[in-house]
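Have a look at target.csv; it's CSV, C-alpha atoms:
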```csv
chain,number,residue,atom,x,y,z
A,241,MET,CA,-72.1,-49.1,-39.9
A,242,THR,CA,-71.1,-52.2,-38.0
A,243,THR,CA,-74.6,-53.5,-38.2
A,244,ILE,CA,-74.8,-53.5,-42.0
A,245,THR,CA,-76.2,-56.8,-43.3
A,246,LYS,CA,-73.6,-59.0,-45.0
A,247,HIS,CA,-76.2,-60.1,-47.5
A,248,PHE,CA,-75.9,-56.9,-49.6
A,249,PHE,CA,-72.2,-56.1,-49.1
A,250,THR,CA,-70.6,-59.2,-50.7
A,251,LYS,CA,-67.9,-57.5,-52.7
A,252,VAL,CA,-67.2,-54.5,-50.4
A,253,GLN,CA,-66.4,-54.4,-46.7
A,254,VAL,CA,-67.7,-51.5,-44.7
A,255,TRP,CA,-66.8,-50.6,-41.1
A,256,ARG,CA,-66.3,-47.6,-38.8
A,257,GLU,CA,-63.2,-47.1,-36.7
A,258,GLU,CA,-62.6,-44.1,-34.5
A,259,GLY,CA,-64.5,-41.6,-36.7
A,260,VAL,CA,-63.2,-43.1,-39.9
A,261,GLY,CA,-65.7,-44.9,-42.2
A,262,VAL,CA,-63.7,-47.5,-44.1
A,263,ILE,CA,-65.0,-48.8,-47.5
A,264,ALA,CA,-62.8,-51.6,-48.9
A,265,ILE,CA,-63.3,-53.3,-52.2
A,266,ASN,CA,-63.2,-57.1,-51.6
A,267,ASN,CA,-63.6,-58.9,-54.9
A,268,PRO,CA,-60.7,-61.4,-55.0
A,269,PRO,CA,-58.5,-62.3,-56.5
A,270,LEU,CA,-58.0,-59.0,-58.4
A,271,ASN,CA,-60.6,-56.7,-56.8
A,272,THR,CA,-62.1,-56.3,-60.3
A,273,ILE,CA,-64.7,-53.5,-60.7
A,274,ASP,CA,-68.1,-54.8,-61.9
A,275,ALA,CA,-71.7,-53.7,-61.6
A,276,ASP,CA,-72.1,-55.2,-58.1
A,277,VAL,CA,-69.0,-53.5,-56.8
A,278,LEU,CA,-70.2,-50.2,-58.1
A,279,ASP,CA,-73.6,-50.6,-56.5
A,280,GLN,CA,-72.1,-51.6,-53.2
A,281,LEU,CA,-69.6,-48.7,-53.3
A,282,THR,CA,-72.4,-46.3,-54.0
A,283,ALA,CA,-74.5,-47.7,-51.1
A,284,ALA,CA,-71.5,-47.7,-48.7
A,285,ALA,CA,-70.6,-44.1,-49.6
A,286,THR,CA,-74.2,-43.0,-49.1
A,287,LEU,CA,-74.3,-44.7,-45.7
A,288,ALA,CA,-70.9,-43.2,-44.6
A,289,GLU,CA,-72.1,-39.7,-45.6
A,290,SER,CA,-75.2,-40.0,-43.5
A,291,ASP,CA,-73.5,-41.5,-40.4
A,292,PRO,CA,-72.9,-38.7,-37.9
A,293,HIS,CA,-70.1,-40.8,-36.2
A,294,ILE,CA,-68.0,-40.7,-39.3
A,295,GLU,CA,-65.8,-37.7,-39.9
A,296,VAL,CA,-63.6,-39.0,-42.7
A,297,ILE,CA,-64.2,-41.7,-45.4
A,298,ALA,CA,-61.3,-44.0,-46.4
A,299,LEU,CA,-61.5,-45.9,-49.6
A,300,THR,CA,-59.2,-48.9,-49.9
A,301,ALA,CA,-59.2,-52.5,-51.0
A,302,THR,CA,-58.4,-55.9,-49.5
A,303,GLY,CA,-55.3,-57.9,-50.4
A,304,ASP,CA,-51.7,-56.8,-50.2
A,305,THR,CA,-50.7,-56.5,-53.9
A,306,PHE,CA,-52.7,-53.7,-55.4
A,307,PHE,CA,-55.9,-51.6,-55.1
A,308,SER,CA,-57.9,-53.0,-58.1
A,309,SER,CA,-57.2,-54.4,-61.5
A,310,GLY,CA,-60.0,-52.3,-62.9
A,311,VAL,CA,-62.9,-53.4,-65.1
A,312,LYS,CA,-62.8,-56.7,-66.9
A,313,TRP,CA,-62.4,-56.4,-70.7
A,314,GLU,CA,-65.1,-59.1,-71.2
A,315,ILE,CA,-68.0,-57.0,-70.0
A,316,GLY,CA,-69.5,-56.9,-73.5
A,317,SER,CA,-73.1,-55.6,-73.7
A,318,ASP,CA,-73.0,-54.6,-70.0
A,319,LEU,CA,-70.9,-51.5,-70.8
A,320,ASP,CA,-73.9,-49.1,-70.7
A,321,THR,CA,-75.0,-50.5,-67.4
A,322,LEU,CA,-71.5,-50.3,-65.9
A,323,GLN,CA,-71.1,-46.7,-67.2
A,324,ALA,CA,-74.4,-45.6,-65.6
A,325,LYS,CA,-73.4,-47.2,-62.3
A,326,ALA,CA,-70.0,-45.5,-62.4
A,327,GLN,CA,-71.7,-42.2,-63.1
A,328,ALA,CA,-74.0,-42.7,-60.1
A,329,LEU,CA,-71.0,-43.5,-57.8
A,330,THR,CA,-69.2,-40.4,-59.2
A,331,SER,CA,-72.2,-38.2,-58.4
A,332,ILE,CA,-72.3,-39.5,-54.9
A,333,ALA,CA,-68.6,-39.2,-54.4
A,334,ILE,CA,-68.4,-35.5,-55.5
A,335,SER,CA,-71.3,-34.5,-53.3
A,336,ILE,CA,-70.0,-36.0,-50.1
A,337,SER,CA,-69.4,-33.3,-47.5
A,338,LYS,CA,-66.8,-35.3,-45.6
A,339,PRO,CA,-63.1,-35.7,-46.6
A,340,VAL,CA,-62.6,-38.8,-48.7
A,341,VAL,CA,-59.1,-40.3,-48.9
A,342,ALA,CA,-57.7,-43.3,-50.7
A,343,VAL,CA,-55.5,-45.8,-48.7
A,344,LEU,CA,-53.2,-47.7,-51.1
A,345,ASN,CA,-50.7,-50.4,-50.3
A,346,ALA,CA,-47.1,-49.4,-51.1
```

As a first step, turn the structure in this file into structure tokens.
Amino acid sequence: MTTITKHFFTKVQVWREEGVGVIAINNPPLNTIDADVLDQLTAAATLAESDPHIEVIALTATGDTFFSSGVKWEIGSDLDTLQAKAQALTSIAISISKPVVAVLNA
């Protein structure tokens, strides 16, 4: 996954390290969840699942304060779109055959 184009992954970082596929939310300053983040998380999870060199998938976020502030309250009419994208990510996440762990800052 080190050859993933940076043109698509603008709010998520993706890399592989010793059998671990790392997917990190990178949407500063609060790592807010939006439609782009959900699309990129879904794509990253799909890539990690299909990569034979990845044995475990680690979900984390950049920054040193917290994982994510969640969804912005100002999403307005985009709620249906956001919900559909969250459902797509959830469907991928529950079907992954590899262990998935969350790595949180303490």

Within 10 Å of Leu322 of chain A, counting all atoms listed in the file, which residues show up once you throw out same-chain ones fewer than 2 positions away? Write them as a CSV table (one decimal) with C-alpha atoms, in the coordinates of the input, please.
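Output (around02.csv):
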```csv
chain,number,residue,atom,x,y,z
A,273,ILE,CA,-64.7,-53.5,-60.7
A,274,ASP,CA,-68.1,-54.8,-61.9
A,275,ALA,CA,-71.7,-53.7,-61.6
A,276,ASP,CA,-72.1,-55.2,-58.1
A,277,VAL,CA,-69.0,-53.5,-56.8
A,278,LEU,CA,-70.2,-50.2,-58.1
A,279,ASP,CA,-73.6,-50.6,-56.5
A,311,VAL,CA,-62.9,-53.4,-65.1
A,315,ILE,CA,-68.0,-57.0,-70.0
A,317,SER,CA,-73.1,-55.6,-73.7
A,318,ASP,CA,-73.0,-54.6,-70.0
A,319,LEU,CA,-70.9,-51.5,-70.8
A,320,ASP,CA,-73.9,-49.1,-70.7
A,324,ALA,CA,-74.4,-45.6,-65.6
A,325,LYS,CA,-73.4,-47.2,-62.3
A,326,ALA,CA,-70.0,-45.5,-62.4
A,327,GLN,CA,-71.7,-42.2,-63.1
A,328,ALA,CA,-74.0,-42.7,-60.1
```

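Of the listed residues (A:Thr300, A:Thr282, A:Thr272, A:Thr330), A:Thr272 comes nearest to Lys312 of chain A; the distances count all atoms listed in the file.
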
### Query
Which is closer to Phe306 of chain A than all the others in A:Ser290, A:Asn345, A:Ser331, A:Ser337, using only C-alpha atoms?
A:Asn345

### Query
For Thr302 of chain A, which residue among A:Leu344, A:Leu281, A:Ala288, A:Ile336 is the nearest when counting only C-alpha atoms?
A:Leu344

### Message
Here is a test: counting all atoms listed in the file, which residue of A:Phe307, A:Ala342, A:Val260, A:Gln280 is nearest to Pro292 of chain A?
### Response
A:Val260

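For the pair atom CA of Ile265 of chain A and atom CA of Glu289 of chain A, the interatomic distance is 17.5 Å.
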
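Going from atom CA of Val262 of chain A over to atom CA of Ile334 of chain A, you cover 17.2 Å.
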
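Distances here use all atoms listed in the file; by that measure, the residue among A:Asp291, A:Gln323, A:Val296, A:Asn271 closest to Gly259 of chain A is A:Val296.
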
### Task
Name the residues in contact with Asn266 of chain A at a cut-off of 8 Å, using only C-alpha atoms, excluding same-chain residues fewer than 3 positions from it; report them as a ChimeraX atom specification.
/A:250-253,271,301-302

#### Entry: Among the residues A:Ile294, A:Val341, A:Ala283, A:Ala333, the one that comes closest to Gly261 of chain A [using only C-alpha atoms]
A:Ile294

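Of note, atom CA of Asn267 of chain A and atom CA of Glu295 of chain A are spaced 26.1 Å apart.
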